[in-house]
Amino acid sequence: MSTTEVVSNPLKMRPRSARQAWARSLQRNSVGVIGLAIVTAVLVMAVTAPLIAPHDPAKLNVRARLLAPSWATRGDSKYLLGTDQLGRDVLSRLIFGSRVSVIVGGLGVAISVVVGVTIGLVSGYMGGRIDNILSRAVDTFMAIPFIILALAAVGFLGPSLINLIIVLGLTGWVTFARVVRGEVLSVKRLEYVIAARTIGQTGWRIALFHVLPNVAASIIVLATLQIATVIIAESSLSFLGMGVQPPTITWGVMLSEGRNHLATSWWLATFPGVMISLTALGCILLGDWLRDALDPRLRQG
Amino acid sequence: MATLLGRSRRLNRWSNARSLLLLSLILFTLGACGGAAPAAPAPTAVPVVADATAVPVPTTAPAPTVPAPTEAVATAVPEPTTAPAAEGGKTATIGMVELVTSLDPPTDWAIAATWIHMNIFDCLVWRDRATAEFTPWLAESYENTNSTTWRFKLRQGVTFHNGEPFNADAVVWTYQRILADDTMITYPQWTFIKEVTAVDPYTVDFVTAQPEPAMMSKISGTGCGIQAPVAGKAQKESGAEYKPIGTGPFAFSEWVKDDYIKLVANANYWQGKPDIDNLVFRAIPEVSTRVASLLAGDVDLMVGVPKQDWERVNANEGTSVEEYLTNRTLLLALRTAPSGGMLDWSGPTSDPLVREAISLAIDRKTLIELIDGLGIPTLSRITPPTLGSSDKFYNQFGEYNPDKARELLAKSSYKGETLTFHTSTAFLYQKEVAEAITAMLQDVGLKIDLQVMDVTSFREKVYFPNKNQEIYMDALGNSFFDPWITVKEFEVGQKQRSGWVNPEAEKLIAEAAVNMDPKARAAQYLRVQELINEENPHVYLYLMKDAMGKSDRLEFAMNPDNFLWMGFAKVK
Amino acid sequence: MSRYITTRIVLLIPSLFGLSLILFILMRVGGDPVANLVRPEASPEEIATVRAAYGFDRPLHEQYLTSIGRIMVGDFGDSVRFRSPAMPLVVERLPATLQLSVVAIMIALLLAIPIGLISALYQNSALDVTLTLSSTLGRAMPNFWLGIMLILLFGVQLRWLPISGTGDWSNLVLPATTLGIGIAPTLTRLLRSSMIEVLRREYVVTARAKGLKERVVVLRHALRNSLIPFVTILGLQVAWLLGGAVIVEEVFAWPGMGRLIYRSVQVRDLAVVQAGVFIFALIVMVANLLVDLSYALLDPRISYRDK
């Protein structure tokens with residue numbers, strides 16, 4: 001609800017030269033630039049992973065276990081960020097791990113968006129009893145720590161990557177539903193929507209062509225923030241022993257496996273930890289900036 | 001928020017306050033509907049320490065017959081007495097992964113639970129964990145009067161924590177209680193007892209259903225702790241909460257679930273009062289936190305120090321690491337035929353050549369290196385000091401020959417099908433070893449689909465529905481130190497997971513189960529191990545080692561398998 | 001007003017039934033509690049005995065209806081792990097979790113209010129950027145990692161604080177800080193943006209024009225008016241906080257509800273999970289109610305008399 005308030009109807013009051021305003025806000029908001037840069041870098045890393053990874057990320061080498069980064073004392077020149085407990089190259093694993101993070105974050109949030117927006121649209125547009133029931137569902141989901149639900153669901157489905165994406169997607173839809181419903185309620189009363197209805201357009205056409213574009217900005221902002229949440233949730237599930245399992249490489253798995261070596265082989269947990277934090281940070285900063293840029297009240301002056 | 005209406009300017013503070021009151025009332029009513037007292041949220045401690053005045057039955061003249069419990073109940077139920085006098089004495093704290101789910105020994109078979117139970121309860125005999133021999137404990141002597149009858153002479157003058165005397169009645173009560181409840185997790189392991197009777201106040205006869213060569217192992221198995229009969233019967237009748245009352249070196253004082261269990265020294269312990277006044281078991285599930293707690297002096301002893309922390313613990317002043325052998329063997333189980341939940345299975349491992357190839361593809365040397373040397377390679381689950389163990393299988397790397405494995409595969413019926421490999425992550429290094437084995441098997445040309453899951457999912461999706469496919473990995477223990485349990489799954493009628501049928505092995509297992517001649521019995525198990533190694537329904541990897549971290553403050557002679565019995569431990 | 005509260009609580013009930021159905025499906029249909037109640041060597045007959053003893057052999061719909069019937073009268077059933085009633089197990093843990101959460105919120109406020117204020121007053125300065133970045137990092141770091149690093153630093157290296165378990169207040173410092181650092185950034189960012197907005201408003205401009213001291217303007221006028229969205233977010237953070245408590249309690253061996261529910265999910269102890277989630281939901285709901293009520297205190301224009 002608060003989110004609704006902050007990002008309400010940003011497109012409605014757009015200034016004429018939108019592009020200029022965006023550029024100006026980005027210029028002014030150096031933090032947003034950092035966020036954008038981080039997110040872009042991670043995306044590039046994920047796309048080019050096979051090209052830039054120095055080693056095969058899955059290649060075991062028991063004789064080269066737990067080597068320190070090449071630049072650290074007792075490091076091995078072949079491994080820039082050292083090797084893990086099975087002698088695999090940490091850097092290559094980090095690079096390939098970015099793919100899973102991008103996939104989990106992207107697809108997980110995509111599911112949340114689809115489910116949340118659909119429910120929000122239906123709930124806000126239909127109103128009445130359906131709205132009541134759906135709102136109750138939203139309230140209920142809001143009230144349960146989602147990690148608990150995710151744990152129970154992963155236990156049920158089994159800890160594969162696909163299942164993890166589905167679970168994280170299905171537990172993260174509530175915010176979207178809530179915001180979209182709020183937006184729909186206010187947009188519904190706008191003149192052109194009423195006009196569209198009087199000229200005989202069907203409810204679904206109105207929802208898709210009039211209401212949805214109006215909430216797009218809020219959804220983008222929320223989605224960016226949600227990606228951060230999902231990436232962190234993935235690592236938390238790994239910590240609790242319910243995350244993705246080998247041979248899939250994820251930063252969360254690397255971090256949770258490396259945590260027991262934190263005091264001795266610090267590079268195992270530190271690098272994936274930094275990657276998770278940086279990526280999540282990038283998403284949050286980007287989301288914040290988008291919110292500022294899209295919110296007219298914060299943009300004036 | 002849609003319900004927020006900004007129409008009225010009036011602020012009714014009184015109404016707000018009233019609602020808050022109402023709200024908190026509702027919250028507490030709902031919170032309390034499970035029956036707990038909301039006013040006492042802090043977990044309460046129930047001290048049940050011995051008090052000379054609470055003795056329910058005269059100790060000087062042991063009743064010649066079983067004390068009539070129903071009469072005694074009303075007056076004789078030992079009331080929880082005051083807090084232990086030793087409060088503030090010497091305390092030793094042990095950092096565990098997990099505590100118990102029950103303080104009633106036969107209902108919780110986890111090894112960690114047994115460690116805690118055995119400080120409260122004594123059994124009839126004590127198992128020397130280095131030699132697998134038995135020492136008289138609550139029983140002073142025992143004899144095998146005929147092939148199915150065992151007579152135990154009991155120690156006199158021992159009392160329970162609540163002052164009840166230890167006698168034949170206590171022994172009978174303890175075992176009959178288990179045999180009367182088939183929902184107890186250890187029930188199946190006690191059904192070998194047909195009858196248990198008190199001959200006189202200090203003599204008990206056990207009658208087994210058939211000749212029982214593993215009698216002594218089984219009688220000291222999980223749940224063997226002798227319980228106070230009068231209090232136990234009263235508890236059962238009233239349906240009150242179970243209270244652990246034994247004769248052990250420590251008496252139960254306090255249990256805050258998943259946090260800690262506190263025991264206090266039993267001043268009347270028959271082997272002398274322990275040096276430790278307060279023994280605290282604390283649950284610290286996260287291993288890095290547990291190590292940190294030892295280093296910082298928050299705990300005196302911790303289980304499961306990972307190898308990478310050994311140097312740190314040893315370098316730290318006042319702490320050191322001690323390594324020990326567990327009785328768990330990590331193994332690969334290969335399905336040989338359809339059975340259990342896989343009746344329509346037809347996988348490549350039904351071909352003995354494929355199974356042999358798998359066994360040849362495994363490089364145990366590399367595995368031991370991978371696990372930081374924390375294991376002893378073995379080709380059998382029967383390991384010393386258990387009867388039937390042999391140097392032929394134990395401490396052997398086995399044949400590693402990838403070329404031969406490839407040849408065998410070429411000769412076999414294998415045509416590139418995918419082998420499903422299930423494993424859980426229950427044990428240290430299990431995930432890493434599974435990944436390494438997958439790589440080894442792929443190296444000889446097998447297609448492997450590795451499926452790693454958490455231990456509960458593994459149990460409910462693979463293990464108990466018997467839906468294991470070609471390969472699964474597990475670490476199986478032998479806390480009995482007797483071979484029968486290691487081959488139980490190859491008995492007739494127990495093949496839901498392996499499907500392995502070998503008439504010779506079946507015959508030997510059945511005969512060994514009732515063979516009272518240890519030598520001949522050992523030979524029978526030796527032959528079974530040979531057959532397993534020929535046909536490979538199991539491919540054994542290594543016997544696991546583990547380590548615990550100890551503060552110099554604590555003087556504790558560790559058992560070879562880290563059985564945490566603290567009766568003789570001392571604190572500085 | 002009290003009708004408003006009663007309505008909200010009544011409306012929660014159907015949701016909780018929906019919830020119990022979801023949990024039932026996840027843990028009974030998908031999971032098998034018996035898998036953790038028998039030894040690895042257990043034969044099918046032994047498993048069947050245990051299954052029957054706990055009533056898990058009955059048709060699933062029947063099991064669900066029975067359990068719902070019991071929950072209606074306040075009986076959440078028995079924990080299969082501890083073989084004792086589930087609700088008291090949860091209630092026993094409630095104080096530890098509440099303690100942890102309340103202290104975590106206090107630490108979060110202590111961090112968020114000054115940082116948010118300074119960031120807003122020196123908007124877009126180097127100081128603002130530094131503060132925003134470093135506080136956002138608190139949310140971006142997985143909290144188990146942060147917790148372990150705090151342990152290594154303050155528990156092992158410096159030995160200032162106890163590492164795990166319960167004891168006196170000092171045991172609470174590390175876990176509550178870990179949890180607090182996780183929610184502080186959201187509060188900081190929100191306070192910063194709402195302060196920026198409020199500081200531009202007419203009455204603040206007027207107050208300044210009237211010659212009021214900057215300190216008075218900021219604290220009395222601007223801060224107070226920024227508090228409504230702030231409190232809203234704080235209410236929404238409660239669910240997040242309880243989720244984080246699961247992990248923080250596990251890292252620091254803090255005997256709270258989060259750890260209990262996590263362990264119960266692991267062994268499919270449905271009764272405890274249901275009871276625990278029920279209490280969690282109740283806490284979140286009560287927290288949000290308190291937030292709604294606090295609006296009236298923060299802004300005299302809002303009242304609940306009409307609904």
# chains A, B, ... in the order shown; residues from 1 in each chain; ligands from 1
>>> closest_atom_pairs(of="chain B", to="chain A", cutoff="7 Å", atoms="only C-alpha atoms", output="CSV")
residue,atom,partner,partner_atom,distance
B:Met1,CA,A:Met1,CA,5.9
B:Val287,CA,A:Asn260,CA,7.0
B:Ser288,CA,A:Asn260,CA,5.6
B:Gln308,CA,A:Thr264,CA,6.6
B:Asp309,CA,A:Thr264,CA,7.0
B:Leu370,CA,A:Val62,CA,6.0
B:Val452,CA,A:Gln245,CA,5.8
B:Met453,CA,A:Pro159,CA,6.5
B:Asp454,CA,A:Met242,CA,6.4
B:Ser457,CA,A:Gly155,CA,6.4
>>> write_last_selection(atoms="N, CA and C atoms", output="PDB file, in the first residue's frame")
ATOM      1  N   MET B   1      -4.041   2.762   2.348  1.00  0.00           N
ATOM      2  CA  MET B   1      -4.897   1.702   2.920  1.00  0.00           C
ATOM      3  C   MET B   1      -6.352   2.112   2.831  1.00  0.00           C
ATOM      4  N   VAL B 287      27.695 -25.126  12.114  1.00  0.00           N
ATOM      5  CA  VAL B 287      29.015 -25.625  12.505  1.00  0.00           C
ATOM      6  C   VAL B 287      30.014 -24.498  12.762  1.00  0.00           C
ATOM      7  N   SER B 288      29.977 -23.453  11.948  1.00  0.00           N
ATOM      8  CA  SER B 288      30.947 -22.377  12.175  1.00  0.00           C
ATOM      9  C   SER B 288      30.691 -21.698  13.521  1.00  0.00           C
ATOM     10  N   GLN B 308      38.959 -28.401   8.172  1.00  0.00           N
ATOM     11  CA  GLN B 308      39.606 -27.118   7.888  1.00  0.00           C
ATOM     12  C   GLN B 308      39.789 -26.278   9.143  1.00  0.00           C
ATOM     13  N   ASP B 309      39.075 -26.627  10.212  1.00  0.00           N
ATOM     14  CA  ASP B 309      39.205 -25.843  11.444  1.00  0.00           C
ATOM     15  C   ASP B 309      40.161 -26.473  12.455  1.00  0.00           C
ATOM     16  N   LEU B 370      40.243 -36.506  -0.814  1.00  0.00           N
ATOM     17  CA  LEU B 370      39.209 -35.479  -0.929  1.00  0.00           C
ATOM     18  C   LEU B 370      38.562 -35.161   0.423  1.00  0.00           C
ATOM     19  N   VAL B 452      20.922 -34.908  -5.894  1.00  0.00           N
ATOM     20  CA  VAL B 452      21.247 -34.647  -4.498  1.00  0.00           C
ATOM     21  C   VAL B 452      20.019 -34.036  -3.828  1.00  0.00           C
ATOM     22  N   MET B 453      19.673 -34.499  -2.645  1.00  0.00           N
ATOM     23  CA  MET B 453      18.535 -33.899  -1.948  1.00  0.00           C
ATOM     24  C   MET B 453      18.783 -33.854  -0.453  1.00  0.00           C
ATOM     25  N   ASP B 454      17.972 -33.050   0.240  1.00  0.00           N
ATOM     26  CA  ASP B 454      18.115 -32.997   1.693  1.00  0.00           C
ATOM     27  C   ASP B 454      17.665 -34.325   2.278  1.00  0.00           C
ATOM     28  N   SER B 457      13.854 -35.368   2.248  1.00  0.00           N
ATOM     29  CA  SER B 457      13.359 -35.667   0.898  1.00  0.00           C
ATOM     30  C   SER B 457      13.911 -37.001   0.419  1.00  0.00           C
TER      31      SER B 457
END
>>> residues_around(residues="region 142-147 of chain A", least_positions_apart="4", cutoff="7 Å", atoms="only C-alpha atoms", output="PyMOL selection string")
(chain A and resi 138+151+171+174) or (chain C and resi 239-240+242-243+277+280-281+284-285)
>>> write_last_selection(atoms="N, CA and C atoms", output="PDB file, in the first residue's frame")
ATOM      1  N   VAL A 138      -4.256 -12.473  -0.557  1.00  0.00           N
ATOM      2  CA  VAL A 138      -3.081 -11.598  -0.534  1.00  0.00           C
ATOM      3  C   VAL A 138      -2.669 -11.313   0.905  1.00  0.00           C
ATOM      4  N   LEU A 151      10.420 -22.981   1.988  1.00  0.00           N
ATOM      5  CA  LEU A 151      11.013 -24.201   2.540  1.00  0.00           C
ATOM      6  C   LEU A 151      10.064 -25.380   2.398  1.00  0.00           C
ATOM      7  N   THR A 171       5.911 -17.527  -4.428  1.00  0.00           N
ATOM      8  CA  THR A 171       5.818 -16.935  -3.097  1.00  0.00           C
ATOM      9  C   THR A 171       6.015 -15.428  -3.146  1.00  0.00           C
ATOM     10  N   VAL A 174       2.665 -11.566  -4.177  1.00  0.00           N
ATOM     11  CA  VAL A 174       1.680 -10.762  -3.440  1.00  0.00           C
ATOM     12  C   VAL A 174       1.850  -9.261  -3.598  1.00  0.00           C
TER      13      VAL A 174
ATOM     14  N   ALA C 239       6.809  -9.077   8.681  1.00  0.00           N
ATOM     15  CA  ALA C 239       6.831 -10.402   8.056  1.00  0.00           C
ATOM     16  C   ALA C 239       8.244 -10.736   7.593  1.00  0.00           C
ATOM     17  N   TRP C 240       8.887  -9.741   7.021  1.00  0.00           N
ATOM     18  CA  TRP C 240      10.259  -9.941   6.557  1.00  0.00           C
ATOM     19  C   TRP C 240      11.177 -10.270   7.727  1.00  0.00           C
ATOM     20  N   LEU C 242      10.405 -11.646  10.580  1.00  0.00           N
ATOM     21  CA  LEU C 242      10.203 -12.997  11.108  1.00  0.00           C
ATOM     22  C   LEU C 242      10.836 -14.033  10.186  1.00  0.00           C
ATOM     23  N   GLY C 243      10.810 -13.767   8.887  1.00  0.00           N
ATOM     24  CA  GLY C 243      11.492 -14.658   7.951  1.00  0.00           C
ATOM     25  C   GLY C 243      12.983 -14.653   8.207  1.00  0.00           C
ATOM     26  N   VAL C 277       2.986 -21.079  12.093  1.00  0.00           N
ATOM     27  CA  VAL C 277       2.618 -20.142  11.038  1.00  0.00           C
ATOM     28  C   VAL C 277       1.402 -19.335  11.472  1.00  0.00           C
ATOM     29  N   PHE C 280       2.705 -16.710  13.701  1.00  0.00           N
ATOM     30  CA  PHE C 280       3.423 -15.739  12.865  1.00  0.00           C
ATOM     31  C   PHE C 280       2.427 -14.801  12.175  1.00  0.00           C
ATOM     32  N   ALA C 281       1.416 -15.406  11.561  1.00  0.00           N
ATOM     33  CA  ALA C 281       0.433 -14.612  10.834  1.00  0.00           C
ATOM     34  C   ALA C 281      -0.260 -13.638  11.784  1.00  0.00           C
ATOM     35  N   VAL C 284       2.057 -10.730  12.556  1.00  0.00           N
ATOM     36  CA  VAL C 284       2.139  -9.798  11.434  1.00  0.00           C
ATOM     37  C   VAL C 284       0.872  -8.964  11.372  1.00  0.00           C
ATOM     38  N   MET C 285      -0.262  -9.649  11.565  1.00  0.00           N
ATOM     39  CA  MET C 285      -1.514  -8.931  11.482  1.00  0.00           C
ATOM     40  C   MET C 285      -1.646  -7.904  12.598  1.00  0.00           C
TER      41      MET C 285
END
>>> closest_atom_pairs(of="region 75-190 of chain B", to="region 215-225 of chain B", cutoff="9 Å", atoms="only C-alpha atoms", output="Markdown table")
| residue | atom | partner | partner_atom | distance |
| --- | --- | --- | --- | --- |
| B:Asp104 | CA | B:Gly223 | CA | 7.8 |
| B:Pro105 | CA | B:Gly223 | CA | 4.5 |
| B:Pro106 | CA | B:Gly223 | CA | 3.8 |
| B:Thr107 | CA | B:Gly223 | CA | 7.4 |
| B:Asp108 | CA | B:Gly223 | CA | 8.1 |
| B:Trp109 | CA | B:Thr222 | CA | 6.1 |
| B:Ala110 | CA | B:Thr222 | CA | 8.9 |
| B:Ile111 | CA | B:Thr222 | CA | 8.7 |
| B:Thr114 | CA | B:Thr222 | CA | 6.9 |
| B:His117 | CA | B:Gly225 | CA | 7.7 |
| B:Met118 | CA | B:Gly225 | CA | 7.0 |
| B:Ile120 | CA | B:Gly225 | CA | 8.2 |
| B:Phe121 | CA | B:Gly225 | CA | 4.8 |
| B:Asp122 | CA | B:Gly225 | CA | 5.1 |
| B:Cys123 | CA | B:Gly225 | CA | 4.7 |
| B:Leu124 | CA | B:Ser220 | CA | 7.2 |
| B:Val125 | CA | B:Ser220 | CA | 6.5 |
| B:Trp126 | CA | B:Ser220 | CA | 7.3 |
| B:Arg127 | CA | B:Ser220 | CA | 7.3 |
| B:Ala132 | CA | B:Ser217 | CA | 8.7 |
| B:Phe134 | CA | B:Met216 | CA | 7.7 |
| B:Trp150 | CA | B:Met215 | CA | 8.6 |
| B:Thr174 | CA | B:Gly225 | CA | 7.8 |
| B:Tyr175 | CA | B:Cys224 | CA | 7.9 |
| B:Ile178 | CA | B:Gly223 | CA | 8.4 |
| B:Thr186 | CA | B:Thr222 | CA | 6.9 |
| B:Gln189 | CA | B:Lys218 | CA | 7.5 |
| B:Trp190 | CA | B:Lys218 | CA | 7.5 |
>>> closest_residue(among="B:Ile376, B:Ala426, B:Leu138, B:Leu409", to="Tyr269 (chain B)", atoms="only C-alpha atoms")
B:Leu138
>>> closest_residue(among="C:Pro114, C:Gly74, C:Gly55, C:Gly69", to="chain B", atoms="only C-alpha atoms")
C:Gly74
>>> closest_residue(among="C:Pro14, C:Gly180, C:Pro40, C:Pro59", to="chain B", atoms="only C-alpha atoms")
C:Pro40
>>> residues_around(residues="region 96-103 of chain C", least_positions_apart="5", cutoff="9 Å", atoms="only C-alpha atoms", output="short mmCIF file (atom, residue, chain, number, x, y, z; two decimals) with N, CA and C atoms, in the first residue's frame")
data_model
loop_
_atom_site.label_atom_id
_atom_site.label_comp_id
_atom_site.auth_asym_id
_atom_site.auth_seq_id
_atom_site.Cartn_x
_atom_site.Cartn_y
_atom_site.Cartn_z
N ALA B 42 8.26 -18.28 29.85
CA ALA B 42 9.59 -18.87 29.93
C ALA B 42 9.48 -20.36 30.20
N ALA C 108 17.50 -1.24 14.28
CA ALA C 108 17.25 -0.72 12.93
C ALA C 108 16.87 0.75 13.00
N THR C 166 21.24 -18.57 24.57
CA THR C 166 20.62 -17.56 25.41
C THR C 166 21.47 -17.33 26.64
N LEU C 172 22.06 -11.27 23.08
CA LEU C 172 21.09 -10.79 22.11
C LEU C 172 21.74 -9.83 21.10
N VAL C 173 22.89 -9.28 21.47
CA VAL C 173 23.47 -8.20 20.66
C VAL C 173 23.75 -8.64 19.23
N PRO C 175 22.83 -11.43 17.34
CA PRO C 175 21.70 -11.79 16.47
C PRO C 175 20.81 -10.60 16.15
N ALA C 176 20.52 -9.77 17.13
CA ALA C 176 19.61 -8.65 16.88
C ALA C 176 20.25 -7.65 15.93
N THR C 177 21.55 -7.45 16.05
CA THR C 177 22.22 -6.53 15.13
C THR C 177 22.17 -7.07 13.71
N LEU C 179 19.99 -8.99 12.39
CA LEU C 179 18.62 -8.85 11.88
C LEU C 179 18.31 -7.38 11.64
N GLY C 180 18.74 -6.52 12.55
CA GLY C 180 18.45 -5.09 12.43
C GLY C 180 19.11 -4.47 11.21
N VAL C 238 7.60 -6.46 9.34
CA VAL C 238 7.50 -7.48 10.39
C VAL C 238 7.54 -8.88 9.80
N LEU C 241 10.95 -9.55 8.80
CA LEU C 241 11.76 -9.71 10.00
C LEU C 241 11.64 -11.14 10.54
N LEU C 242 10.40 -11.65 10.58
CA LEU C 242 10.20 -13.00 11.11
C LEU C 242 10.84 -14.03 10.19
N ALA C 245 14.35 -13.99 10.93
CA ALA C 245 14.60 -14.60 12.23
C ALA C 245 14.88 -16.10 12.10
N GLU C 249 18.22 -17.08 13.82
CA GLU C 249 18.11 -18.00 14.95
C GLU C 249 18.93 -19.26 14.72
N TRP C 254 19.71 -19.43 18.47
CA TRP C 254 18.74 -18.71 19.31
C TRP C 254 17.45 -19.52 19.34
N PRO C 255 16.99 -19.92 20.52
CA PRO C 255 15.86 -20.88 20.56
C PRO C 255 14.51 -20.23 20.33
N GLY C 256 14.31 -19.70 19.17
CA GLY C 256 13.04 -19.02 18.89
C GLY C 256 12.12 -19.84 18.01
N MET C 257 11.01 -19.21 17.63
CA MET C 257 10.00 -19.89 16.83
C MET C 257 10.49 -20.20 15.42
N GLY C 258 11.30 -19.31 14.88
CA GLY C 258 11.76 -19.49 13.50
C GLY C 258 12.49 -20.80 13.35
#
>>> interface_residues(of="chain C", to="chain B", cutoff="6 Å", atoms="only C-alpha atoms", output="list in words")
Ser2, Asp32, Ala35, Val38, Val50, Gly74, Asp75, Phe82, Met87, Pro88, Glu92, Val156, Val251, Ala253, Pro255, Pro300, Arg301 and Ile302 of chain C
>>> closest_residue(among="A:Thr118, A:Ser98, A:Ser135, A:Thr248", to="chain C", atoms="only C-alpha atoms")
A:Ser135
>>> residues_around(residues="Ala152 (chain A)", least_positions_apart="3", cutoff="7 Å", atoms="only C-alpha atoms", output="mmCIF file with N, CA and C atoms, in the first residue's frame")
data_model
loop_
_atom_site.group_PDB
_atom_site.id
_atom_site.type_symbol
_atom_site.label_atom_id
_atom_site.label_comp_id
_atom_site.auth_asym_id
_atom_site.auth_seq_id
_atom_site.Cartn_x
_atom_site.Cartn_y
_atom_site.Cartn_z
ATOM 1 N N ILE A 148 9.523 -19.508 4.948
ATOM 2 C CA ILE A 148 8.871 -20.695 5.505
ATOM 3 C C ILE A 148 8.080 -21.417 4.422
ATOM 4 N N LEU A 149 7.331 -20.620 3.684
ATOM 5 C CA LEU A 149 6.526 -21.199 2.619
ATOM 6 C C LEU A 149 7.438 -21.827 1.562
ATOM 7 N N GLY A 155 10.587 -28.564 -0.161
ATOM 8 C CA GLY A 155 10.559 -29.915 0.379
ATOM 9 C C GLY A 155 9.576 -30.787 -0.379
ATOM 10 N N PHE A 156 8.458 -30.194 -0.751
ATOM 11 C CA PHE A 156 7.409 -30.919 -1.449
ATOM 12 C C PHE A 156 7.837 -31.256 -2.880
ATOM 13 N N LEU C 26 1.347 -29.478 1.172
ATOM 14 C CA LEU C 26 2.796 -29.512 1.012
ATOM 15 C C LEU C 26 3.430 -30.600 1.869
ATOM 16 N N MET C 27 2.932 -30.761 3.092
ATOM 17 C CA MET C 27 3.658 -31.611 4.024
ATOM 18 C C MET C 27 3.098 -33.012 4.147
ATOM 19 N N VAL C 265 9.493 -28.057 9.615
ATOM 20 C CA VAL C 265 9.301 -28.236 8.176
ATOM 21 C C VAL C 265 10.210 -29.363 7.699
#
>>> closest_residue(among="A:Ala228, A:Leu91, A:Ser238, A:Arg129", to="chain C", atoms="only C-alpha atoms")
A:Ala228
>>> closest_residue(among="C:Leu270, C:Val248, C:Ile22, C:Val217", to="Gly165 (chain C)", atoms="only C-alpha atoms")
C:Val248
>>> residues_around(residues="region 120-127 of chain A", least_positions_apart="4", cutoff="12 Å", atoms="only C-alpha atoms", output="PyMOL selection string")
chain A and resi 112-116+131-138+173-189+193+202-208+210-215+219
>>> write_last_selection(atoms="C-alpha atoms", output="compact mmCIF listing (two decimals), in the first residue's frame")
# COMPACT_ATOMS: atom_id res chain seq x y z
CA SER A 112 5.59 -13.39 -9.69
CA VAL A 113 4.72 -10.58 -12.09
CA VAL A 114 2.43 -12.72 -14.24
CA VAL A 115 0.61 -14.24 -11.26
CA GLY A 116 0.54 -11.04 -9.23
CA ASP A 131 -12.01 -9.01 -4.93
CA ASN A 132 -12.79 -9.91 -1.35
CA ILE A 133 -11.58 -13.46 -1.70
CA LEU A 134 -8.44 -12.51 -3.58
CA SER A 135 -7.64 -9.74 -1.14
CA ARG A 136 -7.89 -12.23 1.71
CA ALA A 137 -5.46 -14.50 -0.11
CA VAL A 138 -3.08 -11.60 -0.53
CA TRP A 173 3.58 -12.47 -6.25
CA VAL A 174 1.68 -10.76 -3.44
CA THR A 175 3.33 -7.37 -3.63
CA PHE A 176 2.54 -7.17 -7.31
CA ALA A 177 -1.07 -8.17 -6.80
CA ARG A 178 -1.48 -5.59 -4.10
CA VAL A 179 0.02 -2.71 -6.04
CA VAL A 180 -1.76 -3.56 -9.26
CA ARG A 181 -5.11 -3.85 -7.53
CA GLY A 182 -4.64 -0.44 -5.95
CA GLU A 183 -3.73 1.07 -9.28
CA VAL A 184 -6.66 -0.56 -11.01
CA LEU A 185 -9.03 0.81 -8.43
CA SER A 186 -7.88 4.33 -9.11
CA VAL A 187 -7.53 3.99 -12.87
CA LYS A 188 -11.00 2.47 -13.14
CA ARG A 189 -12.52 5.79 -12.28
CA VAL A 193 -11.66 4.22 -19.00
CA THR A 202 -15.07 -5.50 -23.06
CA GLY A 203 -13.60 -5.63 -19.58
CA TRP A 204 -10.54 -7.53 -20.68
CA ARG A 205 -9.74 -5.11 -23.46
CA ILE A 206 -9.97 -2.26 -21.01
CA ALA A 207 -7.81 -4.07 -18.52
CA LEU A 208 -5.14 -4.91 -21.06
CA HIS A 210 -5.96 0.95 -20.61
CA VAL A 211 -5.21 -0.27 -17.15
CA LEU A 212 -2.07 -2.31 -17.66
CA PRO A 213 -0.01 0.45 -19.32
CA ASN A 214 -0.80 2.63 -16.38
CA VAL A 215 0.63 0.22 -13.85
CA ILE A 219 5.62 -3.12 -11.87
>>> select_by_dssp(residues="region 6-144 of chain C", states="alpha helix (DSSP H)", output="PyMOL selection string")
chain C and resi 6-24+44-53+60-72+86-121+126-140+143-144
>>> residues_around(residues="Asp277 (chain B)", least_positions_apart="2", cutoff="12 Å", atoms="only C-alpha atoms", output="ChimeraX atom specification")
/B:84-93,249-253,262-267,273-275,279-280,566-572
